[in-house]
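Reproduced below: protein01.csv, with CSV, C-alpha atoms.
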chain,number,residue,atom,x,y,z
H,1094,MET,CA,-29.2,-124.8,13.5
H,1095,SER,CA,-29.1,-126.6,10.2
H,1096,ASP,CA,-27.1,-125.5,7.1
H,1097,ILE,CA,-30.3,-124.5,5.4
H,1098,ASP,CA,-31.2,-122.1,8.3
H,1099,ASP,CA,-27.6,-120.8,8.2
H,1100,ILE,CA,-27.9,-120.0,4.5
H,1101,LYS,CA,-31.2,-118.2,5.1
H,1102,LYS,CA,-29.4,-116.2,7.9
H,1103,LEU,CA,-26.5,-115.5,5.5
H,1104,VAL,CA,-28.9,-114.1,2.9
H,1105,ARG,CA,-30.4,-111.7,5.5
H,1106,ASN,CA,-27.0,-110.6,6.9
H,1107,GLN,CA,-25.4,-109.9,3.5
H,1108,GLN,CA,-28.4,-107.7,2.6
H,1109,LEU,CA,-27.8,-105.7,5.8
H,1110,LEU,CA,-24.1,-105.6,5.0
H,1111,LYS,CA,-24.8,-104.1,1.5
H,1112,LYS,CA,-27.0,-101.5,3.1
H,1113,GLU,CA,-24.2,-100.5,5.5
H,1114,ILE,CA,-21.7,-100.3,2.6
H,1115,ALA,CA,-24.2,-98.3,0.5
H,1116,LYS,CA,-24.1,-95.5,3.2
H,1117,ILE,CA,-20.7,-94.6,1.8
H,1118,ILE,CA,-20.1,-96.4,-1.5
H,1119,VAL,CA,-22.4,-95.2,-4.3
H,1120,GLY,CA,-23.1,-97.7,-7.1
H,1121,GLN,CA,-20.2,-100.2,-7.8
H,1122,ASP,CA,-22.6,-103.1,-7.0
H,1123,HIS,CA,-20.6,-105.5,-9.1
H,1124,ALA,CA,-17.4,-104.7,-7.2
H,1125,VAL,CA,-19.1,-104.9,-3.8
H,1126,ASN,CA,-20.6,-108.3,-4.7
H,1127,SER,CA,-17.3,-109.7,-5.8
H,1128,VAL,CA,-15.5,-108.5,-2.7
H,1129,LEU,CA,-18.2,-110.1,-0.5
H,1130,LEU,CA,-18.0,-113.4,-2.5
H,1131,SER,CA,-14.2,-113.5,-2.0
H,1132,VAL,CA,-14.6,-112.9,1.7
H,1133,LEU,CA,-17.1,-115.7,2.0
H,1134,CYS,CA,-14.8,-118.1,0.1
H,1135,GLY,CA,-11.7,-117.0,2.0
H,1136,GLY,CA,-10.1,-115.7,-1.2
H,1137,HIS,CA,-8.3,-112.5,-2.2
H,1138,SER,CA,-9.4,-109.8,-4.6
H,1139,LEU,CA,-7.6,-107.4,-6.9
H,1140,LEU,CA,-9.4,-104.1,-7.6
H,1141,ILE,CA,-8.3,-102.5,-10.9
H,1142,GLY,CA,-9.2,-99.0,-12.0
H,1143,VAL,CA,-7.9,-95.5,-12.6
H,1144,PRO,CA,-7.2,-93.3,-9.5
H,1145,GLY,CA,-10.2,-91.7,-7.9
H,1146,LEU,CA,-12.8,-94.5,-8.2
H,1147,ALA,CA,-13.0,-95.1,-4.4
H,1148,LYS,CA,-11.0,-98.4,-4.5
H,1149,THR,CA,-9.4,-97.7,-1.2
H,1150,LEU,CA,-12.6,-96.3,0.3
H,1151,LEU,CA,-14.4,-99.5,-0.8
H,1152,VAL,CA,-12.0,-101.8,1.0
H,1153,ASN,CA,-12.0,-99.6,4.2
H,1154,THR,CA,-15.8,-99.5,4.3
H,1155,VAL,CA,-16.1,-103.3,3.8
H,1156,SER,CA,-13.6,-104.0,6.6
H,1157,GLN,CA,-15.6,-101.8,9.0
H,1158,ALA,CA,-18.9,-103.4,8.0
H,1159,LEU,CA,-17.4,-106.9,8.5
H,1160,GLY,CA,-16.1,-105.9,12.0
H,1161,LEU,CA,-12.5,-107.0,11.2
H,1162,ASP,CA,-9.0,-105.7,12.0
H,1163,PHE,CA,-7.8,-103.7,9.0
H,1164,LYS,CA,-4.3,-102.5,8.0
H,1165,ARG,CA,-3.3,-100.5,5.0
H,1166,ILE,CA,0.1,-100.9,3.3
H,1167,GLN,CA,0.9,-98.2,0.7
H,1168,PHE,CA,3.1,-99.9,-1.9
H,1169,THR,CA,5.9,-97.6,-3.1
H,1170,PRO,CA,9.0,-98.2,-5.2
H,1171,ASP,CA,11.2,-98.2,-2.0
H,1172,LEU,CA,9.0,-100.5,0.1
H,1173,MET,CA,10.9,-103.5,1.5
H,1174,PRO,CA,9.6,-107.1,2.3
H,1175,SER,CA,10.3,-106.4,6.0
H,1176,ASP,CA,8.0,-103.4,5.9
H,1177,ILE,CA,5.2,-105.9,5.2
H,1178,LEU,CA,6.1,-109.0,7.1
H,1179,GLY,CA,8.0,-107.6,10.1
H,1180,SER,CA,11.6,-108.1,11.2
H,1181,GLU,CA,13.7,-109.4,14.0
H,1182,ILE,CA,15.4,-106.9,16.3
H,1183,LEU,CA,17.9,-107.3,19.1
H,1184,ASP,CA,16.2,-106.4,22.4
H,1185,GLU,CA,17.9,-105.0,25.5
H,1186,ASN,CA,18.7,-108.6,26.7
H,1187,ARG,CA,20.6,-109.2,23.4
H,1188,HIS,CA,17.9,-111.7,22.3
H,1189,PHE,CA,16.2,-111.6,18.9
H,1190,LYS,CA,12.6,-110.4,19.1
H,1191,PHE,CA,10.2,-110.6,16.2
H,1192,ILE,CA,8.3,-107.4,15.6
H,1193,LYS,CA,5.1,-108.2,13.6
H,1194,GLY,CA,4.5,-106.2,10.4
H,1195,PRO,CA,1.1,-105.0,9.1
H,1196,VAL,CA,0.4,-108.3,7.4
H,1197,PHE,CA,-0.7,-109.6,10.8
H,1198,SER,CA,-4.3,-108.4,10.5
H,1199,ASN,CA,-7.6,-109.8,9.2
H,1200,ILE,CA,-7.9,-107.5,6.1
H,1201,ILE,CA,-4.8,-106.2,4.3
H,1202,LEU,CA,-5.3,-103.3,1.9
H,1203,ALA,CA,-2.3,-103.6,-0.5
H,1204,ASP,CA,-2.7,-100.1,-2.0
H,1205,GLU,CA,-1.3,-99.7,-5.5
H,1206,ILE,CA,0.4,-103.1,-5.3
H,1207,ASN,CA,1.9,-102.7,-8.7
H,1208,ARG,CA,3.9,-99.6,-7.8
H,1209,THR,CA,6.5,-101.7,-5.9
H,1210,PRO,CA,9.2,-103.9,-7.5
H,1211,PRO,CA,8.5,-107.7,-7.8
H,1212,LYS,CA,10.8,-108.6,-4.9
H,1213,THR,CA,8.5,-106.8,-2.5
H,1214,GLN,CA,5.3,-107.9,-4.3
H,1215,ALA,CA,6.5,-111.5,-3.7
H,1216,ALA,CA,6.6,-111.0,0.1
H,1217,LEU,CA,2.9,-111.5,0.1
H,1218,LEU,CA,2.9,-114.8,-1.8
H,1219,GLU,CA,3.3,-117.1,1.2
H,1220,ALA,CA,0.9,-115.1,3.3
H,1221,MET,CA,-1.8,-115.3,0.6
H,1222,GLU,CA,-1.5,-119.0,0.0
H,1223,GLU,CA,-0.4,-120.5,3.3
H,1224,ARG,CA,-1.8,-117.9,5.7
H,1225,SER,CA,1.6,-117.8,7.4
H,1226,VAL,CA,4.9,-116.0,6.9
H,1227,THR,CA,8.5,-117.1,7.3
H,1228,VAL,CA,11.0,-114.6,8.7
H,1229,ALA,CA,14.6,-115.6,9.6
H,1230,GLY,CA,13.7,-119.3,9.4
H,1231,HIS,CA,10.8,-119.0,11.8
H,1232,ASN,CA,7.2,-119.6,10.7
H,1233,TYR,CA,4.4,-117.4,12.0
H,1234,LYS,CA,0.7,-118.2,11.5
H,1235,LEU,CA,-1.7,-115.4,10.6
H,1236,ASP,CA,-5.0,-114.9,12.2
H,1237,ARG,CA,-8.2,-116.2,10.5
H,1238,PRO,CA,-10.0,-114.8,8.6
H,1239,PHE,CA,-7.2,-113.3,6.4
H,1240,PHE,CA,-7.8,-111.5,3.1
H,1241,VAL,CA,-5.6,-109.4,0.8
H,1242,LEU,CA,-7.6,-106.8,-1.0
H,1243,ALA,CA,-5.2,-105.2,-3.4
H,1244,THR,CA,-5.7,-102.1,-5.6
H,1245,GLN,CA,-3.9,-101.8,-8.9
H,1246,ASN,CA,-3.6,-98.9,-11.3
H,1247,PRO,CA,-3.9,-99.7,-15.0
H,1248,ILE,CA,-0.4,-101.1,-16.1
H,1249,GLU,CA,-0.2,-98.5,-18.9
H,1250,GLN,CA,0.4,-95.8,-16.3
H,1251,GLU,CA,3.9,-94.7,-15.5
H,1252,GLY,CA,5.8,-96.2,-12.6
H,1253,THR,CA,4.0,-99.5,-12.5
H,1254,TYR,CA,5.4,-103.0,-12.4
H,1255,PRO,CA,3.2,-105.8,-13.8
H,1256,LEU,CA,2.3,-108.4,-11.2
H,1257,PRO,CA,3.9,-111.8,-11.9
H,1258,GLU,CA,1.5,-114.5,-13.1
H,1259,ALA,CA,2.2,-116.6,-10.0
H,1260,GLN,CA,1.0,-113.8,-7.8
H,1261,LEU,CA,-2.0,-112.9,-10.0
H,1262,ASP,CA,-3.1,-116.6,-9.7
H,1263,ARG,CA,-3.3,-116.2,-5.9
H,1264,PHE,CA,-6.1,-113.6,-6.4
H,1265,MET,CA,-9.6,-115.2,-6.5
H,1266,PHE,CA,-11.2,-112.3,-8.3
H,1267,SER,CA,-10.0,-109.5,-10.5
H,1268,ILE,CA,-12.5,-106.7,-10.1
H,1269,TYR,CA,-12.6,-103.8,-12.7
H,1270,LEU,CA,-14.1,-100.6,-11.4
H,1271,ASP,CA,-15.5,-98.2,-14.0
H,1272,TYR,CA,-16.5,-94.6,-13.8
H,1273,PRO,CA,-19.9,-93.9,-12.1
H,1274,SER,CA,-22.9,-93.0,-14.1
H,1275,PHE,CA,-24.0,-89.4,-14.3
H,1276,GLU,CA,-26.7,-89.8,-11.6
H,1277,GLU,CA,-24.3,-91.7,-9.3
H,1278,GLU,CA,-21.6,-89.0,-9.7
H,1279,VAL,CA,-24.2,-86.3,-8.8
H,1280,ILE,CA,-25.0,-88.2,-5.6
H,1281,ILE,CA,-21.2,-88.6,-4.9
H,1282,ALA,CA,-20.6,-84.9,-5.4
H,1283,LYS,CA,-23.5,-84.0,-3.1
H,1284,THR,CA,-22.9,-86.4,-0.2
H,1285,THR,CA,-19.1,-86.1,0.0
H,1286,THR,CA,-19.0,-82.3,0.2
H,1287,THR,CA,-21.0,-81.9,3.4
H,1288,ASP,CA,-20.0,-82.0,7.0
H,1289,ILE,CA,-22.1,-85.0,7.9
H,1290,LYS,CA,-20.2,-88.0,9.3
H,1291,VAL,CA,-21.5,-91.4,8.4
H,1292,ASP,CA,-21.0,-94.3,10.8
H,1293,ILE,CA,-20.7,-97.9,9.6
H,1294,ASN,CA,-22.2,-100.6,11.9
H,1295,PRO,CA,-20.4,-103.9,11.9
H,1296,ILE,CA,-22.8,-106.7,10.7
H,1297,PHE,CA,-20.4,-109.7,11.2
H,1298,ASN,CA,-17.4,-110.6,13.4
H,1299,ALA,CA,-14.4,-112.8,12.8
H,1300,LYS,CA,-15.9,-115.9,14.2
H,1301,GLU,CA,-19.1,-115.6,12.1
H,1302,ILE,CA,-17.1,-115.1,8.9
H,1303,ASN,CA,-15.0,-118.2,9.7
H,1304,ASP,CA,-18.2,-120.2,10.3
H,1305,TYR,CA,-19.7,-118.9,7.0
H,1306,GLN,CA,-16.6,-119.9,5.1
H,1307,HIS,CA,-17.0,-123.5,6.4
H,1308,LEU,CA,-20.7,-123.4,5.6
H,1309,ILE,CA,-19.9,-122.4,1.9
H,1310,ARG,CA,-17.6,-125.4,1.6
H,1311,ARG,CA,-20.2,-127.8,3.0
H,1312,ILE,CA,-22.8,-126.8,0.4
H,1313,PRO,CA,-23.4,-129.7,-2.0
H,1314,ILE,CA,-22.8,-129.2,-5.8
H,1315,ALA,CA,-24.0,-131.5,-8.6
H,1316,ASP,CA,-21.3,-133.4,-10.6
H,1317,ASN,CA,-22.5,-131.8,-13.9
H,1318,VAL,CA,-22.0,-128.3,-12.5
H,1319,VAL,CA,-18.4,-129.1,-11.4
H,1320,GLU,CA,-17.8,-130.7,-14.8
H,1321,TYR,CA,-19.1,-127.5,-16.5
H,1322,ALA,CA,-16.7,-125.4,-14.4
H,1323,VAL,CA,-13.7,-127.6,-15.3
H,1324,ASN,CA,-14.7,-127.7,-18.9
H,1325,LEU,CA,-14.9,-123.9,-19.0
H,1326,VAL,CA,-11.4,-123.6,-17.6
H,1327,SER,CA,-10.1,-126.3,-20.1
H,1328,LYS,CA,-11.5,-124.2,-23.0
H,1329,THR,CA,-9.1,-121.3,-22.0
H,1330,ARG,CA,-6.0,-123.4,-22.7
H,1331,PRO,CA,-4.9,-123.1,-26.4
H,1332,ASN,CA,-3.3,-126.6,-26.4
H,1333,SER,CA,-6.4,-128.3,-25.0
H,1334,ASN,CA,-8.6,-130.3,-27.4
H,1335,LYS,CA,-11.6,-128.4,-25.9
H,1336,ALA,CA,-10.1,-125.0,-26.9
H,1337,THR,CA,-12.2,-122.9,-29.3
H,1338,GLU,CA,-10.8,-121.3,-32.4
H,1339,LEU,CA,-10.9,-117.9,-30.7
H,1340,VAL,CA,-8.8,-119.2,-27.9
H,1341,LYS,CA,-6.3,-121.0,-30.2
H,1342,ASN,CA,-5.9,-117.8,-32.2
H,1343,TYR,CA,-5.7,-115.2,-29.4
H,1344,ILE,CA,-4.5,-116.8,-26.1
H,1345,GLU,CA,-0.9,-117.4,-25.2
H,1346,TRP,CA,-1.8,-119.6,-22.2
H,1347,GLY,CA,-4.9,-120.3,-20.2
H,1348,ALA,CA,-6.1,-120.7,-16.6
H,1349,GLY,CA,-4.8,-123.4,-14.3
H,1350,PRO,CA,-6.5,-125.8,-11.9
H,1351,ARG,CA,-6.8,-123.1,-9.2
H,1352,ALA,CA,-9.3,-121.4,-11.5
H,1353,SER,CA,-11.5,-124.6,-11.4
H,1354,GLN,CA,-11.3,-124.7,-7.6
H,1355,ASN,CA,-12.2,-121.0,-7.4
H,1356,LEU,CA,-15.1,-121.3,-9.9
H,1357,VAL,CA,-16.7,-124.1,-7.8
H,1358,LEU,CA,-16.2,-122.3,-4.5
H,1359,ALA,CA,-17.4,-118.9,-5.8
H,1360,ALA,CA,-20.4,-120.5,-7.4
H,1361,LYS,CA,-21.4,-122.1,-4.0
H,1362,ALA,CA,-21.1,-118.6,-2.4
H,1363,HIS,CA,-23.0,-116.9,-5.2
H,1364,GLY,CA,-25.8,-119.5,-5.0
H,1365,ALA,CA,-25.9,-119.2,-1.2
H,1366,ILE,CA,-26.3,-115.4,-1.0
H,1367,ASN,CA,-29.1,-115.7,-3.6
H,1368,GLY,CA,-30.9,-118.2,-1.4
H,1369,LYS,CA,-30.0,-121.4,-3.3
H,1370,PHE,CA,-29.0,-124.5,-1.3
H,1371,SER,CA,-26.9,-125.8,-4.2
H,1372,PRO,CA,-25.3,-123.8,-7.1
H,1373,ASP,CA,-26.1,-124.3,-10.7
H,1374,ILE,CA,-24.5,-123.5,-14.1
H,1375,GLU,CA,-25.9,-119.9,-13.9
H,1376,ASP,CA,-23.8,-119.4,-10.8
H,1377,ILE,CA,-20.7,-120.6,-12.5
H,1378,GLN,CA,-21.3,-118.2,-15.4
H,1379,ALA,CA,-22.0,-115.3,-13.0
H,1380,VAL,CA,-18.6,-115.6,-11.3
H,1381,ALA,CA,-16.5,-116.8,-14.3
H,1382,PRO,CA,-15.5,-113.4,-15.7
H,1383,GLY,CA,-13.9,-112.2,-12.5
H,1384,ILE,CA,-12.1,-115.5,-11.9
H,1385,LEU,CA,-10.8,-116.1,-15.4
H,1386,HIS,CA,-10.0,-112.5,-16.6
H,1387,HIS,CA,-6.6,-112.3,-14.9
H,1388,ARG,CA,-5.7,-115.9,-15.5
H,1389,ILE,CA,-5.7,-115.8,-19.3
H,1390,VAL,CA,-2.8,-114.2,-21.2
H,1391,LYS,CA,-3.5,-112.8,-24.7
H,1392,ASN,CA,-1.0,-113.0,-27.5
H,1393,TYR,CA,0.3,-110.1,-29.7
H,1394,LYS,CA,-2.4,-110.8,-32.3
H,1395,ALA,CA,-5.1,-110.2,-29.8
H,1396,GLU,CA,-3.5,-107.0,-28.7
H,1397,ALA,CA,-3.1,-105.8,-32.3
H,1398,GLU,CA,-6.7,-106.6,-33.2
H,1399,GLY,CA,-8.2,-105.2,-30.0
H,1400,ILE,CA,-9.7,-108.5,-28.7
H,1401,THR,CA,-10.5,-108.2,-25.0
H,1402,GLU,CA,-10.4,-110.9,-22.3
H,1403,LYS,CA,-14.0,-110.2,-21.6
H,1404,PHE,CA,-15.0,-110.9,-25.2
H,1405,ILE,CA,-13.0,-114.2,-25.2
H,1406,ILE,CA,-14.5,-115.3,-21.8
H,1407,ASN,CA,-18.1,-114.5,-23.0
H,1408,SER,CA,-17.5,-116.6,-26.1
H,1409,LEU,CA,-16.8,-119.7,-23.9
H,1410,PHE,CA,-20.4,-119.8,-22.6
Could you show the structure in this file as structure tokens?
Amino acid sequence: MSDIDDIKKLVRNQQLLKKEIAKIIVGQDHAVNSVLLSVLCGGHSLLIGVPGLAKTLLVNTVSQALGLDFKRIQFTPDLMPSDILGSEILDENRHFKFIKGPVFSNIILADEINRTPPKTQAALLEAMEERSVTVAGHNYKLDRPFFVLATQNPIEQEGTYPLPEAQLDRFMFSIYLDYPSFEEEVIIAKTTTTDIKVDINPIFNAKEINDYQHLIRRIPIADNVVEYAVNLVSKTRPNSNKATELVKNYIEWGAGPRASQNLVLAAKAHGAINGKFSPDIEDIQAVAPGILHHRIVKNYKAEAEGITEKFIINSLF
């Protein structure tokens, strides 16, 4: 089967996948799309929103529909790195034996990741970047595919620790969930207060997802589209000669090269699920807000004047 046929099959399968997810998740189309794009690219996603917006339910539903192993880690102030990675114990023969932690799964739900101190947050850094963990000097490979889908409460809430910039940069997308519309909330209130159990049918399996990730990387992209992506990222850096006045005035520092890589990869995936055999500038613009939002840091002037990251990113187009 050719790559063109595979892309057509991907379009059909992702539509079936969305139908399965819609059995439980009402609305939140943007969040569902972004999570699926990060899965196709092999990236990680950070879901941000106030409690009660079905962030955890969304991740759980997606993992069922993808037919993947799923583990949930509830991040609390007393969580230790060994609770995530695993630890070595002395067995009955007085030999050290490694007991794998919950990170050894296909999809990790890092629930309320910013409620644990930075020491424990950092335990995920190697797993997210290298797809392996090092414990007591031994390196252990993680199964593919591997995704961290983390939920985060707004940092203004009590008992939260802001994620370090190095860890934020490991997330491909930051996805902001908003309150449902009135009509959506009526549907939620009706469907979740009955005794009817909804079953999710898996549409993919681990091998198919790995194959699709390789397919996305094989998709050709024009030089001018890549240059547009890199130019967009350069504009977010206040010291760059490409920076706009808005960026120079309101941004402390901008996105790094990983943002350019993610823009190109996500644009390929966005184009593919929309039936394109090569992405264009519209695809770059469609994925840019979720990729750049958590990679630009505003200064105090922006905070004081109420300038948002979304406003700055939109001005770059």
Q.
Can you tell me which residues surround range 1155-1157 of chain H at a distance of at most 7 Å, considering all atoms listed in the file, apart from same-chain residues fewer than 4 positions away, and format the answer as a list in words?
A. Ile1114, Leu1151, Leu1161, Phe1163, Ile1200, Ile1293 and Pro1295 of chain H
*Within 9 Å of Asp1262 in chain H, counting only C-alpha atoms, which residues show up once you throw out same-chain ones fewer than 5 positions away? Write them as a list in words, please.*
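My list of contacting residues is Pro1257, Ala1348, Gly1349, Arg1351, Ala1352, His1387 and Arg1388 of chain H.
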ask   = In terms of the shortest atom-to-atom distance over all atoms listed in the file, which of H:Leu1159, H:Leu1270, H:Ile1281, H:Ile1141 is closest to Leu1110 in chain H?
value =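 Closest residue, counting all atoms listed in the file: H:Leu1159.
For the pair CA of Leu1150 in chain H and CA of Ile1201 in chain H, the interatomic distance is 13.2 Å.
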Which range 1193-1251 of chain H residues have any atom within 8 Å of an atom of range 1145-1149 of chain H, and for each, what is the nearest pair of atoms with distance in Å to one decimal, counting only C-alpha atoms, rows sorted by chain and number, as a Markdown table?
| residue | atom | partner | partner_atom | distance |
| --- | --- | --- | --- | --- |
| H:Leu1202 | CA | H:Thr1149 | CA | 7.6 |
| H:Asp1204 | CA | H:Thr1149 | CA | 7.2 |
| H:Thr1244 | CA | H:Lys1148 | CA | 6.6 |
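The gap separating CA of Asp1122 in chain H from CA of Thr1154 in chain H is 13.7 Å, in Å to one decimal.
We find CA of Thr1286 in chain H and CA of Asn1246 in chain H to be spaced 25.4 Å apart.
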Between H:Tyr1269, H:Leu1109, H:Ala1322, H:Arg1237, single out the one closest to Lys1403 in chain H, counting all atoms listed in the file.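 Using all atoms listed in the file, Lys1403 in chain H sits closest to H:Tyr1269.
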- Nearest to Leu1356 in chain H among H:Gln1306, H:Thr1209, H:Asn1324, H:Gln1107, with distances taken over only C-alpha atoms: which residue is it?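 For Leu1356 in chain H, the nearest of the given residues is H:Asn1324.
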Excluding range 1408-1410 of chain H and any residue of its chain fewer than 3 positions from it, enumerate the residues within 12 Å of it, using all atoms listed in the file, and give them as a list of chain:residue names.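 That gives H:Tyr1321, H:Ala1322, H:Asn1324, H:Leu1325, H:Val1326, H:Ser1327, H:Lys1328, H:Thr1329, H:Arg1330, H:Lys1335, H:Ala1336, H:Thr1337, H:Glu1338, H:Leu1339, H:Val1340, H:Ile1374, H:Glu1375, H:Ile1377, H:Gln1378, H:Ala1379, H:Ala1381, H:Pro1382, H:Leu1385, H:Ile1400, H:Thr1401, H:Glu1402, H:Lys1403, H:Phe1404, H:Ile1405.
The residue that comes closest to Ser1180 in chain H, out of H:Lys1102, H:Lys1300, H:Lys1164, H:His1231 and on the basis of all atoms listed in the file, is H:His1231.
Closest approach to Glu1223 in chain H among H:Lys1193, H:Ile1289, H:Gly1136, H:Ile1384 is made by H:Gly1136 (distances from all atoms listed in the file).
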- Query: Neighbours of Thr1285 in chain H within 12 Å (only C-alpha atoms; same-chain residues fewer than 3 positions away dropped), as a ChimeraX atom specification?
  - Reply: /H:1116-1119,1147,1278-1282,1288-1291
- May I have the residues within 12 Å of Pro1210 in chain H as a list in words, using only C-alpha atoms and disregarding those fewer than 5 positions away in the same chain?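 That gives Phe1168, Thr1169, Pro1170, Asp1171, Leu1172, Met1173, Pro1174, Glu1205, Ala1215, Ala1216, Gly1252, Thr1253, Tyr1254, Pro1255, Leu1256 and Pro1257 of chain H.
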Counting only C-alpha atoms, closest pick from H:Thr1227, H:Asn1407, H:Ser1274, H:Gln1245 relative to Leu1140 in chain H is H:Gln1245
Counting all atoms listed in the file, give me one row per residue of range 1201-1269 of chain H with an atom at most 10 Å from an atom of range 1129-1135 of chain H, showing the shortest contact pair and its distance in Å to one decimal, sorted by chain then residue number, as a Markdown table.
| residue | atom | partner | partner_atom | distance |
| --- | --- | --- | --- | --- |
| H:Arg1237 | CA | H:Gly1135 | CA | 9.2 |
| H:Pro1238 | CA | H:Gly1135 | CA | 7.2 |
| H:Phe1239 | CA | H:Gly1135 | CA | 7.3 |
| H:Phe1240 | CA | H:Gly1135 | CA | 6.8 |
| H:Val1241 | CA | H:Val1132 | CA | 9.7 |
| H:Leu1242 | CA | H:Ser1131 | CA | 9.5 |
| H:Phe1264 | CA | H:Ser1131 | CA | 9.2 |
| H:Met1265 | CA | H:Ser1131 | CA | 6.7 |
| H:Phe1266 | CA | H:Ser1131 | CA | 7.1 |
